[in-house]
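Source file data21.tsv; content: TSV, C-alpha atoms.
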```
chain	number	residue	atom	x	y	z
A	1	MET	CA	-2.84	-18.85	18.72
A	2	VAL	CA	-1.05	-22.12	17.95
A	3	TRP	CA	1.29	-21.80	20.93
A	4	THR	CA	-1.13	-20.25	23.39
A	5	ARG	CA	-3.62	-22.41	25.21
A	6	ASP	CA	-6.78	-23.18	23.24
A	7	ASN	CA	-9.52	-22.98	25.87
A	8	LEU	CA	-12.29	-23.36	23.30
A	9	ARG	CA	-10.86	-26.63	22.00
A	10	ASP	CA	-11.61	-25.46	18.50
A	11	ARG	CA	-9.94	-27.67	15.88
A	12	GLN	CA	-11.73	-26.34	12.83
A	13	ARG	CA	-10.69	-28.11	9.63
A	14	VAL	CA	-12.10	-27.94	6.11
A	15	VAL	CA	-11.69	-29.93	2.90
A	16	HIS	CA	-12.84	-28.73	-0.51
A	17	TRP	CA	-12.60	-30.20	-4.00
A	18	ASP	CA	-12.10	-27.96	-7.04
A	19	VAL	CA	-11.96	-28.78	-10.75
A	20	PHE	CA	-10.22	-26.90	-13.54
A	21	ARG	CA	-11.54	-27.26	-17.10
A	22	ALA	CA	-9.44	-25.71	-19.86
A	23	HIS	CA	-12.28	-25.64	-22.41
A	24	VAL	CA	-14.56	-23.51	-20.18
A	25	ASP	CA	-14.32	-19.71	-19.90
A	26	ASN	CA	-14.44	-19.75	-16.11
A	27	GLY	CA	-12.06	-22.69	-15.77
A	28	MET	CA	-11.97	-23.13	-11.98
A	29	GLU	CA	-15.12	-24.44	-10.30
A	30	ARG	CA	-15.80	-25.44	-6.69
A	31	VAL	CA	-17.28	-28.94	-6.56
A	32	LEU	CA	-17.96	-29.31	-2.82
A	33	ASP	CA	-16.57	-28.57	0.64
A	34	MET	CA	-17.04	-30.02	4.12
A	35	TYR	CA	-16.08	-28.76	7.58
A	36	SER	CA	-15.10	-31.01	10.44
A	37	ALA	CA	-18.14	-29.84	12.42
A	38	GLY	CA	-20.57	-29.56	9.52
A	39	GLU	CA	-22.11	-31.26	6.53
A	40	GLN	CA	-21.16	-31.39	2.89
A	41	ARG	CA	-22.03	-28.47	0.63
A	42	ILE	CA	-22.36	-29.18	-3.10
A	43	TYR	CA	-22.25	-26.09	-5.32
A	44	ASN	CA	-23.76	-27.40	-8.57
A	45	SER	CA	-27.28	-28.87	-8.46
A	46	TYR	CA	-26.32	-31.23	-11.30
A	47	ASN	CA	-23.89	-33.01	-8.93
A	48	LEU	CA	-26.48	-33.69	-6.20
A	49	LYS	CA	-26.57	-37.39	-5.26
A	50	ARG	CA	-23.87	-37.98	-7.86
A	51	VAL	CA	-20.76	-36.49	-6.20
A	52	GLY	CA	-19.82	-36.71	-2.52
A	53	LEU	CA	-17.40	-37.55	0.31
A	54	SER	CA	-17.51	-40.04	3.13
A	55	GLN	CA	-19.29	-38.77	6.23
A	56	LYS	CA	-16.43	-40.17	8.35
A	57	ALA	CA	-13.74	-38.33	6.41
A	58	PHE	CA	-12.43	-36.47	9.46
A	59	GLN	CA	-12.42	-39.67	11.54
A	60	ASP	CA	-10.56	-42.02	9.20
A	61	GLY	CA	-8.66	-39.40	7.13
A	62	ASN	CA	-10.16	-40.53	3.79
A	63	PHE	CA	-11.18	-37.44	1.80
A	64	SER	CA	-11.50	-39.19	-1.58
A	65	LEU	CA	-14.10	-37.82	-4.03
A	66	VAL	CA	-16.68	-40.27	-5.41
A	67	ILE	CA	-18.20	-39.47	-8.84
A	68	LYS	CA	-21.04	-41.65	-10.10
A	69	ASP	CA	-22.20	-41.97	-13.71
A	70	VAL	CA	-19.19	-40.17	-15.18
A	71	THR	CA	-19.90	-37.90	-18.17
A	72	MET	CA	-17.70	-36.07	-20.63
A	73	ASN	CA	-18.26	-32.83	-18.68
A	74	ASP	CA	-16.50	-34.38	-15.66
A	75	LYS	CA	-13.16	-34.28	-17.47
A	76	GLY	CA	-10.63	-31.92	-15.85
A	77	LEU	CA	-7.92	-31.40	-13.25
A	78	TYR	CA	-9.28	-32.02	-9.74
A	79	SER	CA	-7.58	-30.73	-6.57
A	80	CYS	CA	-8.23	-31.85	-2.98
A	81	ASN	CA	-7.43	-28.97	-0.59
A	82	LEU	CA	-7.06	-29.54	3.16
A	83	HIS	CA	-7.03	-26.47	5.43
A	84	HIS	CA	-6.36	-26.57	9.16
A	85	LEU	CA	-7.43	-23.17	10.47
A	86	TYR	CA	-6.03	-23.78	13.96
A	87	CYS	CA	-2.57	-25.03	13.01
A	88	HIS	CA	-2.34	-22.92	9.82
A	89	LEU	CA	-1.62	-25.99	7.72
A	90	TYR	CA	-2.47	-26.35	4.02
A	91	GLU	CA	-2.12	-29.45	1.85
A	92	THR	CA	-3.19	-30.11	-1.75
A	93	VAL	CA	-3.53	-33.29	-3.81
A	94	ARG	CA	-4.15	-33.10	-7.60
A	95	VAL	CA	-5.72	-35.76	-9.83
A	96	GLN	CA	-6.27	-35.56	-13.61
A	97	LEU	CA	-9.53	-37.18	-14.76
A	98	ASN	CA	-9.97	-38.19	-18.41
A	99	VAL	CA	-13.08	-39.90	-19.85
A	100	THR	CA	-13.05	-42.45	-22.67
A	101	LYS	CA	-15.65	-44.52	-24.50
A	102	SER	CA	-13.33	-47.50	-25.03
A	103	ARG	CA	-12.80	-49.96	-22.21
A	104	ARG	CA	-9.34	-50.78	-23.56
A	105	LYS	CA	-8.13	-47.24	-22.86
A	106	GLU	CA	-8.95	-47.35	-19.15
A	107	GLN	CA	-5.80	-46.87	-17.10
A	108	ARG	CA	-4.23	-45.17	-14.07
A	109	TYR	CA	-0.69	-43.83	-14.00
A	110	TRP	CA	1.59	-41.15	-12.54
A	111	ASP	CA	2.90	-38.49	-14.94
A	112	GLY	CA	5.57	-37.19	-12.56
A	113	GLN	CA	3.45	-34.44	-10.99
A	114	LYS	CA	0.00	-35.91	-10.45
A	115	ALA	CA	-2.08	-39.04	-10.75
A	116	VAL	CA	-3.95	-39.51	-14.05
A	117	TYR	CA	-7.19	-41.53	-14.16
A	118	VAL	CA	-8.67	-42.57	-17.53
A	119	VAL	CA	-12.14	-43.99	-16.79
A	120	LEU	CA	-14.98	-45.37	-18.87
A	121	LEU	CA	-17.96	-43.19	-19.70
A	122	GLY	CA	-20.89	-43.86	-17.36
A	123	SER	CA	-18.80	-45.66	-14.71
A	124	THR	CA	-18.06	-44.70	-11.08
A	125	VAL	CA	-14.64	-43.33	-10.12
A	126	VAL	CA	-12.99	-42.56	-6.76
A	127	LEU	CA	-10.39	-39.77	-6.88
A	128	PRO	CA	-7.97	-40.46	-4.01
A	129	CYS	CA	-7.15	-37.99	-1.22
A	130	ILE	CA	-6.02	-39.78	1.96
A	131	ASN	CA	-4.27	-38.18	4.94
A	132	ARG	CA	-4.41	-40.05	8.24
A	133	ARG	CA	-2.25	-37.72	10.32
A	134	ASN	CA	-3.70	-36.92	13.74
A	135	VAL	CA	-3.86	-33.26	12.87
A	136	TRP	CA	-6.53	-34.00	10.21
A	137	THR	CA	-8.49	-36.52	12.26
A	138	ASP	CA	-10.35	-35.93	15.53
A	139	TRP	CA	-8.17	-34.66	18.38
A	140	SER	CA	-8.06	-36.19	21.85
A	141	ASN	CA	-7.43	-35.04	25.41
A	142	GLU	CA	-4.39	-37.26	25.82
A	143	GLU	CA	-1.21	-35.76	27.18
A	144	GLU	CA	0.85	-36.44	24.07
A	145	ASP	CA	-1.54	-34.29	22.02
A	146	GLN	CA	-0.93	-31.20	24.16
A	147	GLN	CA	1.54	-28.36	23.78
A	148	VAL	CA	4.63	-28.53	25.97
A	149	VAL	CA	7.70	-26.35	26.55
A	150	HIS	CA	10.88	-27.52	28.23
A	151	TRP	CA	14.22	-25.89	29.04
A	152	ASP	CA	17.57	-27.71	28.87
A	153	ARG	CA	21.04	-26.64	29.96
A	154	GLN	CA	24.23	-27.86	28.34
A	155	SER	CA	27.20	-27.18	30.61
A	156	PRO	CA	30.59	-26.37	29.08
A	157	GLY	CA	32.23	-29.53	27.75
A	158	ILE	CA	28.96	-31.53	27.75
A	159	TYR	CA	27.40	-32.85	24.54
A	160	HIS	CA	23.86	-31.86	23.63
A	161	ASP	CA	22.53	-35.39	24.06
A	162	ARG	CA	23.57	-35.27	27.73
A	163	ALA	CA	22.07	-31.86	28.47
A	164	ASP	CA	20.28	-31.48	31.80
A	165	ARG	CA	16.50	-31.08	31.74
A	166	LEU	CA	15.52	-28.09	33.89
A	167	VAL	CA	11.76	-27.69	33.68
A	168	ASP	CA	8.70	-28.86	31.69
A	169	LEU	CA	5.43	-26.98	31.36
A	170	TYR	CA	2.29	-28.37	29.71
A	171	ALA	CA	-0.61	-26.42	28.28
A	172	SER	CA	-2.84	-27.98	30.94
A	173	GLY	CA	-0.86	-26.07	33.59
A	174	GLU	CA	1.21	-28.97	34.89
A	175	GLN	CA	4.84	-28.03	35.59
A	176	ARG	CA	7.70	-30.43	36.25
A	177	SER	CA	11.07	-29.31	37.64
A	178	TYR	CA	14.21	-31.43	37.64
A	179	GLY	CA	17.42	-31.48	39.65
A	180	PRO	CA	18.12	-30.60	43.28
A	181	SER	CA	15.73	-28.48	45.29
A	182	PHE	CA	17.87	-25.33	45.20
A	183	LEU	CA	17.96	-25.54	41.41
A	184	ARG	CA	14.19	-25.91	41.23
A	185	LYS	CA	13.70	-22.77	43.26
A	186	LYS	CA	15.99	-20.55	41.19
A	187	MET	CA	14.81	-21.58	37.70
A	188	ASN	CA	11.12	-21.24	36.86
A	189	ILE	CA	8.64	-20.50	34.07
A	190	SER	CA	5.52	-18.42	34.51
A	191	ASN	CA	2.28	-20.38	34.96
A	192	GLN	CA	0.65	-18.01	32.45
A	193	ALA	CA	3.12	-18.97	29.69
A	194	PHE	CA	0.58	-20.62	27.39
A	195	SER	CA	-1.99	-17.88	27.87
A	196	GLU	CA	0.47	-15.04	27.23
A	197	GLY	CA	2.88	-16.82	24.87
A	198	ASP	CA	5.87	-15.91	27.09
A	199	PHE	CA	7.98	-19.00	27.85
A	200	SER	CA	10.98	-17.14	29.31
A	201	LEU	CA	13.14	-18.86	31.93
A	202	THR	CA	13.84	-16.82	35.05
A	203	ILE	CA	17.13	-17.53	36.85
A	204	SER	CA	17.57	-15.94	40.27
A	205	ASP	CA	20.85	-15.50	42.20
A	206	LEU	CA	22.99	-16.06	39.12
A	207	GLN	CA	26.31	-17.80	39.82
A	208	VAL	CA	29.35	-18.83	37.80
A	209	THR	CA	28.13	-22.42	37.86
A	210	ASP	CA	24.97	-21.39	36.01
A	211	GLN	CA	26.79	-20.60	32.76
A	212	GLY	CA	26.28	-22.80	29.73
A	213	LEU	CA	24.11	-23.22	26.61
A	214	TYR	CA	20.39	-22.95	27.41
A	215	SER	CA	17.79	-24.17	24.92
A	216	CYS	CA	14.03	-23.62	24.90
A	217	HIS	CA	12.02	-26.31	23.06
A	218	LEU	CA	8.41	-25.72	21.99
A	219	HIS	CA	6.50	-28.85	20.99
A	220	HIS	CA	3.01	-28.81	19.54
A	221	HIS	CA	2.22	-32.50	19.28
A	222	TYR	CA	-1.23	-31.93	17.80
A	223	CYS	CA	-0.05	-29.68	14.95
A	224	GLY	CA	3.28	-31.46	14.59
A	225	LEU	CA	5.29	-28.26	15.17
A	226	HIS	CA	8.64	-27.90	16.90
A	227	GLU	CA	10.63	-24.73	17.55
A	228	ARG	CA	13.87	-24.15	19.41
A	229	ARG	CA	15.66	-21.11	20.83
A	230	GLN	CA	19.24	-21.20	22.13
A	231	PHE	CA	21.02	-18.79	24.48
A	232	GLN	CA	24.67	-18.81	25.49
A	233	VAL	CA	25.03	-17.59	29.07
A	234	THR	CA	28.46	-16.55	30.38
A	235	VAL	CA	28.91	-15.53	34.00
A	236	GLU	CA	32.02	-13.63	35.09
A	237	PRO	CA	33.08	-12.45	38.53
A	238	PRO	CA	32.51	-8.77	39.20
A	239	VAL	CA	35.41	-6.51	38.18
A	240	ILE	CA	36.95	-4.73	41.20
A	241	ARG	CA	38.01	-1.23	40.29
A	242	ALA	CA	40.23	1.00	42.39
A	243	THR	CA	38.10	3.77	43.78
A	244	VAL	CA	39.50	7.28	44.17
A	245	PRO	CA	38.86	8.66	47.68
A	246	ALA	CA	36.62	11.64	47.75
A	247	LYS	CA	38.24	14.94	48.51
A	248	ALA	CA	37.04	16.65	51.67
A	249	LEU	CA	35.59	20.10	51.32
A	250	PRO	CA	37.64	22.93	52.87
A	251	SER	CA	36.54	23.80	56.37
A	252	ALA	CA	34.73	26.98	57.11
A	253	ASP	CA	37.43	28.16	59.56
A	254	LYS	CA	40.15	28.27	56.92
A	255	ASP	CA	37.95	30.17	54.49
A	256	ALA	CA	36.88	32.65	57.11
A	257	ASN	CA	40.34	34.26	57.28
A	258	LYS	CA	40.67	34.54	53.52
A	259	GLY	CA	38.95	37.24	51.60
A	260	GLU	CA	36.40	36.11	49.17
A	261	SER	CA	37.76	35.98	45.68
A	262	PRO	CA	35.77	38.10	43.27
A	263	ARG	CA	33.44	36.18	41.04
A	264	VAL	CA	33.31	37.41	37.48
A	265	ILE	CA	30.27	36.69	35.39
A	266	ASN	CA	30.55	37.41	31.69
A	267	VAL	CA	27.29	38.52	30.21
A	268	VAL	CA	27.15	38.90	26.43
A	269	LEU	CA	24.43	41.27	25.35
A	270	PRO	CA	23.37	41.27	21.73
A	271	ASP	CA	23.99	44.44	19.71
A	272	HIS	CA	20.56	45.82	18.97
A	273	ARG	CA	21.92	47.94	16.13
A	274	GLN	CA	23.05	44.89	14.23
A	275	HIS	CA	19.74	43.22	14.86
A	276	PHE	CA	17.99	46.29	13.51
A	277	LEU	CA	20.29	46.91	10.51
A	278	LEU	CA	20.27	43.33	9.34
A	279	PRO	CA	16.55	43.16	8.43
A	280	LEU	CA	16.73	46.77	7.17
A	281	GLY	CA	19.51	45.81	4.76
A	282	PHE	CA	17.42	42.89	3.47
A	283	VAL	CA	14.44	45.22	2.92
A	284	LEU	CA	16.52	47.84	1.06
A	285	THR	CA	18.14	45.21	-1.12
A	286	ALA	CA	14.77	43.76	-2.03
A	287	PHE	CA	13.40	47.24	-2.78
A	288	LEU	CA	16.36	48.15	-5.07
A	289	LEU	CA	16.05	44.85	-6.87
A	290	LEU	CA	12.34	45.47	-7.40
A	291	ALA	CA	13.00	49.02	-8.67
A	292	PHE	CA	15.62	47.74	-11.11
A	293	VAL	CA	13.22	45.17	-12.46
A	294	VAL	CA	10.49	47.79	-12.89
A	295	LEU	CA	12.91	50.14	-14.70
A	296	VAL	CA	13.97	47.43	-17.11
A	297	ILE	CA	10.32	46.63	-17.84
A	298	ILE	CA	9.55	50.33	-18.53
A	299	LEU	CA	12.53	50.69	-20.91
A	300	ILE	CA	11.56	47.57	-22.80
A	301	THR	CA	7.95	48.74	-23.19
A	302	ARG	CA	9.00	52.24	-24.39
A	303	ARG	CA	11.38	50.78	-26.92
A	304	ARG	CA	8.66	48.57	-28.26
A	305	ARG	CA	6.31	51.55	-28.55
A	306	VAL	CA	8.93	53.61	-30.46
A	307	THR	CA	9.53	50.82	-32.92
A	308	GLU	CA	5.79	50.44	-33.41
A	309	ILE	CA	5.43	54.20	-34.10
A	310	TYR	CA	8.26	54.16	-36.68
A	311	SER	CA	6.74	51.18	-38.40
A	312	LEU	CA	3.32	52.92	-38.55
A	313	GLU	CA	4.84	56.11	-40.03
A	314	SER	CA	6.75	54.18	-42.69
A	315	THR	CA	3.64	52.32	-43.73
A	316	ARG	CA	1.69	55.61	-43.89
A	317	SER	CA	4.35	57.31	-46.11
A	318	ASN	CA	4.36	54.36	-48.48
A	319	ARG	CA	0.60	54.50	-48.70
A	320	SER	CA	0.64	58.31	-49.44
A	321	ARG	CA	3.18	57.88	-52.24
A	322	SER	CA	1.19	55.16	-53.87
A	323	CYS	CA	-1.94	57.29	-53.62
A	324	SER	CA	-0.21	60.33	-55.27
A	325	ASP	CA	1.04	58.19	-58.16
A	326	GLU	CA	-2.37	56.80	-58.71
A	327	PHE	CA	-3.82	60.30	-58.59
A	328	GLU	CA	-1.38	61.56	-61.25
A	329	MET	CA	-2.19	58.65	-63.50
A	330	ASP	CA	-5.85	59.35	-63.13
A	331	VAL	CA	-5.32	63.03	-63.95
A	332	ALA	CA	-3.26	62.18	-67.04
A	333	GLU	CA	-5.85	59.73	-68.19
A	334	ALA	CA	-8.59	62.24	-67.54
A	335	SER	CA	-6.81	65.04	-69.50
A	336	LEU	CA	-6.41	63.01	-72.65
A	337	PRO	CA	-10.03	62.93	-73.71
A	338	ILE	CA	-10.25	66.73	-73.32
A	339	ARG	CA	-7.38	67.41	-75.74
A	340	GLU	CA	-8.61	64.93	-78.33
A	341	PRO	CA	-11.44	67.15	-79.66
A	342	ASP	CA	-9.16	70.24	-80.16
A	343	ASP	CA	-6.76	68.34	-82.35
A	344	ARG	CA	-9.55	66.91	-84.34
A	345	LEU	CA	-11.04	70.38	-84.90
A	346	ASP	CA	-7.72	71.76	-86.09
A	347	PHE	CA	-7.34	68.85	-88.42
A	348	LYS	CA	-10.81	69.39	-89.80
A	349	ASN	CA	-10.20	73.10	-90.31
A	350	ASN	CA	-7.00	72.41	-92.21
A	351	LEU	CA	-8.76	69.87	-94.36
A	352	LEU	CA	-11.53	72.36	-95.11
A	353	LYS	CA	-8.98	74.98	-96.03
A	354	GLU	CA	-7.20	72.62	-98.40
A	355	VAL	CA	-10.53	71.57	-99.96
A	356	ASN	CA	-11.50	75.18	-100.48
A	357	MET	CA	-8.19	75.99	-102.07
A	358	ASN	CA	-8.47	73.04	-104.43
A	359	THR	CA	-11.98	73.91	-105.41
A	360	THR	CA	-11.08	77.52	-106.14
A	361	SER	CA	-8.11	76.48	-108.28
A	362	LYS	CA	-10.30	74.07	-110.25
A	363	VAL	CA	-12.87	76.83	-110.83
A	364	ILE	CA	-10.20	79.16	-112.14
A	365	ASP	CA	-8.91	76.47	-114.48
A	366	LEU	CA	-12.44	75.90	-115.82
A	367	ASP	CA	-12.90	79.56	-116.44
A	368	LYS	CA	-9.69	79.72	-118.37
A	369	GLY	CA	-10.70	76.79	-120.54
A	370	LYS	CA	-13.97	78.36	-121.35
A	371	SER	CA	-12.36	81.51	-122.42
```

Full structure transcribed into structure tokens:
Amino acid sequence: MVWTRDNLRDRQRVVHWDVFRAHVDNGMERVLDMYSAGEQRIYNSYNLKRVGLSQKAFQDGNFSLVIKDVTMNDKGLYSCNLHHLYCHLYETVRVQLNVTKSRRKEQRYWDGQKAVYVVLLGSTVVLPCINRRNVWTDWSNEEEDQQVVHWDRQSPGIYHDRADRLVDLYASGEQRSYGPSFLRKKMNISNQAFSEGDFSLTISDLQVTDQGLYSCHLHHHYCGLHERRQFQVTVEPPVIRATVPAKALPSADKDANKGESPRVINVVLPDHRQHFLLPLGFVLTAFLLLAFVVLVIILITRRRRVTEIYSLESTRSNRSRSCSDEFEMDVAEASLPIREPDDRLDFKNNLLKEVNMNTTSKVIDLDKGKS
């Protein structure tokens, strides 16, 4: 859009002041902004009628910020941002503002990166932001503020400062050609160059004398832009190549006496058997592989079952043995109380017999004593 013609004459520019406070959570804050075709917009109601810019900022290029009745909350890093939406230009100026209660500490100095202003509490301060370039002030319809393209040619052995001017074309549509009339007719630029952005130079009937270094210069006087393209053109005479004469076709009379030579056409037919056996072999191979996998799975499962059966039988035999041992112990324990009474009876009978024998012997002894 910068290099094409601006029919709307839109030179929209904007300036906005921001402040950064380190002691605040949301450090960056927009103070105000102003468009070239609009009014000022102040974002904080506290700054109404206290902070502002000059209404002629875009006429005289003075975008300085005026702060009245300075408070401690005004302390921070201020930035003046200039945006040119048409030329795609951006410029920033930073100013550090510090507030003091002592008049002795008031000062202004440069810390190497930005200007530092130490002002008295309650006073009025002007933070500077001045840019008087034409691109930031109002534009005019003068010729030097237009866009222009011109083509130069530097012949071999000629310095660039003596290059020949070929053609000029302004954004207004005015075209100026230089040199003799035949040169004007063969070198031209399209009249739609600034609307299409195509500034190509057309050279017709190219000759050896047209060779040299061509340069295209694009000047945007309003935006202060300049671009250059260079092309080295070399013209050589056409190369003459020896042409081989075309061979004449044999006449029909000569071929009429000769017999036609047989024409052999080799036709390769595909073997249908191979085409049939090839997929069949793939199918059989896949089937055998599947059968082998199934067989391996069956053998593995049967082996697992056999091992499980053997393990179950071993556990059952161990359980039966333990049960028989326990049963024998129970039988032995159960038989003991049955035998205990018989032994006791025999013991009692023997005791009774011995007692009887003793008593009878004592009776006999008594009888003998009596006698």

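Using only C-alpha atoms, the nearest neighbour of Arg228 of chain A within the list A:Leu53, A:Met28, A:Leu290, A:Val149 is A:Val149.
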
Using only C-alpha atoms: which of A:Phe199, A:Tyr159, A:Trp17, A:Tyr222 has the shortest distance to Tyr86 of chain A: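 Selected residue with least distance to Tyr86 of chain A: A:Tyr222.
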
Atom CA of Ser200 of chain A to atom CA of His160 of chain A, distance in Å rounded to a single decimal: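 Between atom CA of Ser200 of chain A and atom CA of His160 of chain A the gap is 20.4 Å.
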
Could you list, as a PDB file with C-alpha atoms, in the coordinates of the input, every residue within 9 Å of Glu236 of chain A, counting only C-alpha atoms and ignoring same-chain residues fewer than 3 positions away?
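Final output, out.pdb:
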```
ATOM      1  CA  GLN A 207      26.310 -17.800  39.820  1.00  0.00           C
ATOM      2  CA  VAL A 208      29.350 -18.830  37.800  1.00  0.00           C
ATOM      3  CA  VAL A 239      35.410  -6.510  38.180  1.00  0.00           C
TER       4      VAL A 239
END
```

Give me the residues within 10 Å of Gln55 of chain A as a list in words, counting all atoms listed in the file and dropping any in the same chain fewer than 2 places off.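 Contacts, in chain order: Met34, Ser36, Gly38, Glu39, Gln40, Gly52, Leu53, Ala57, Phe58, Gln59, Asp60, Asn62 and Phe63 of chain A.
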
At what distance in Å, to one decimal, does atom CA of Arg94 of chain A lie from atom CA of Trp136 of chain A?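 Value for the atom CA of Trp136 of chain A-atom CA of Arg94 of chain A distance: 18.0 Å.
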
Using all atoms listed in the file, determine which residues lie at most 12 Å from segment 111-114 of chain A, disregarding the query and same-chain residues fewer than 5 positions distant; provide the list as a PDB file with C-alpha atoms, in the frame of the given file.
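Saved to part38.pdb:
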```
ATOM      1  CA  LEU A  77      -7.920 -31.400 -13.250  1.00  0.00           C
ATOM      2  CA  TYR A  78      -9.280 -32.020  -9.740  1.00  0.00           C
ATOM      3  CA  SER A  79      -7.580 -30.730  -6.570  1.00  0.00           C
ATOM      4  CA  CYS A  80      -8.230 -31.850  -2.980  1.00  0.00           C
ATOM      5  CA  THR A  92      -3.190 -30.110  -1.750  1.00  0.00           C
ATOM      6  CA  VAL A  93      -3.530 -33.290  -3.810  1.00  0.00           C
ATOM      7  CA  ARG A  94      -4.150 -33.100  -7.600  1.00  0.00           C
ATOM      8  CA  VAL A  95      -5.720 -35.760  -9.830  1.00  0.00           C
ATOM      9  CA  GLN A  96      -6.270 -35.560 -13.610  1.00  0.00           C
ATOM     10  CA  LEU A  97      -9.530 -37.180 -14.760  1.00  0.00           C
ATOM     11  CA  LEU A 127     -10.390 -39.770  -6.880  1.00  0.00           C
ATOM     12  CA  PRO A 128      -7.970 -40.460  -4.010  1.00  0.00           C
ATOM     13  CA  CYS A 129      -7.150 -37.990  -1.220  1.00  0.00           C
TER      14      CYS A 129
END
```
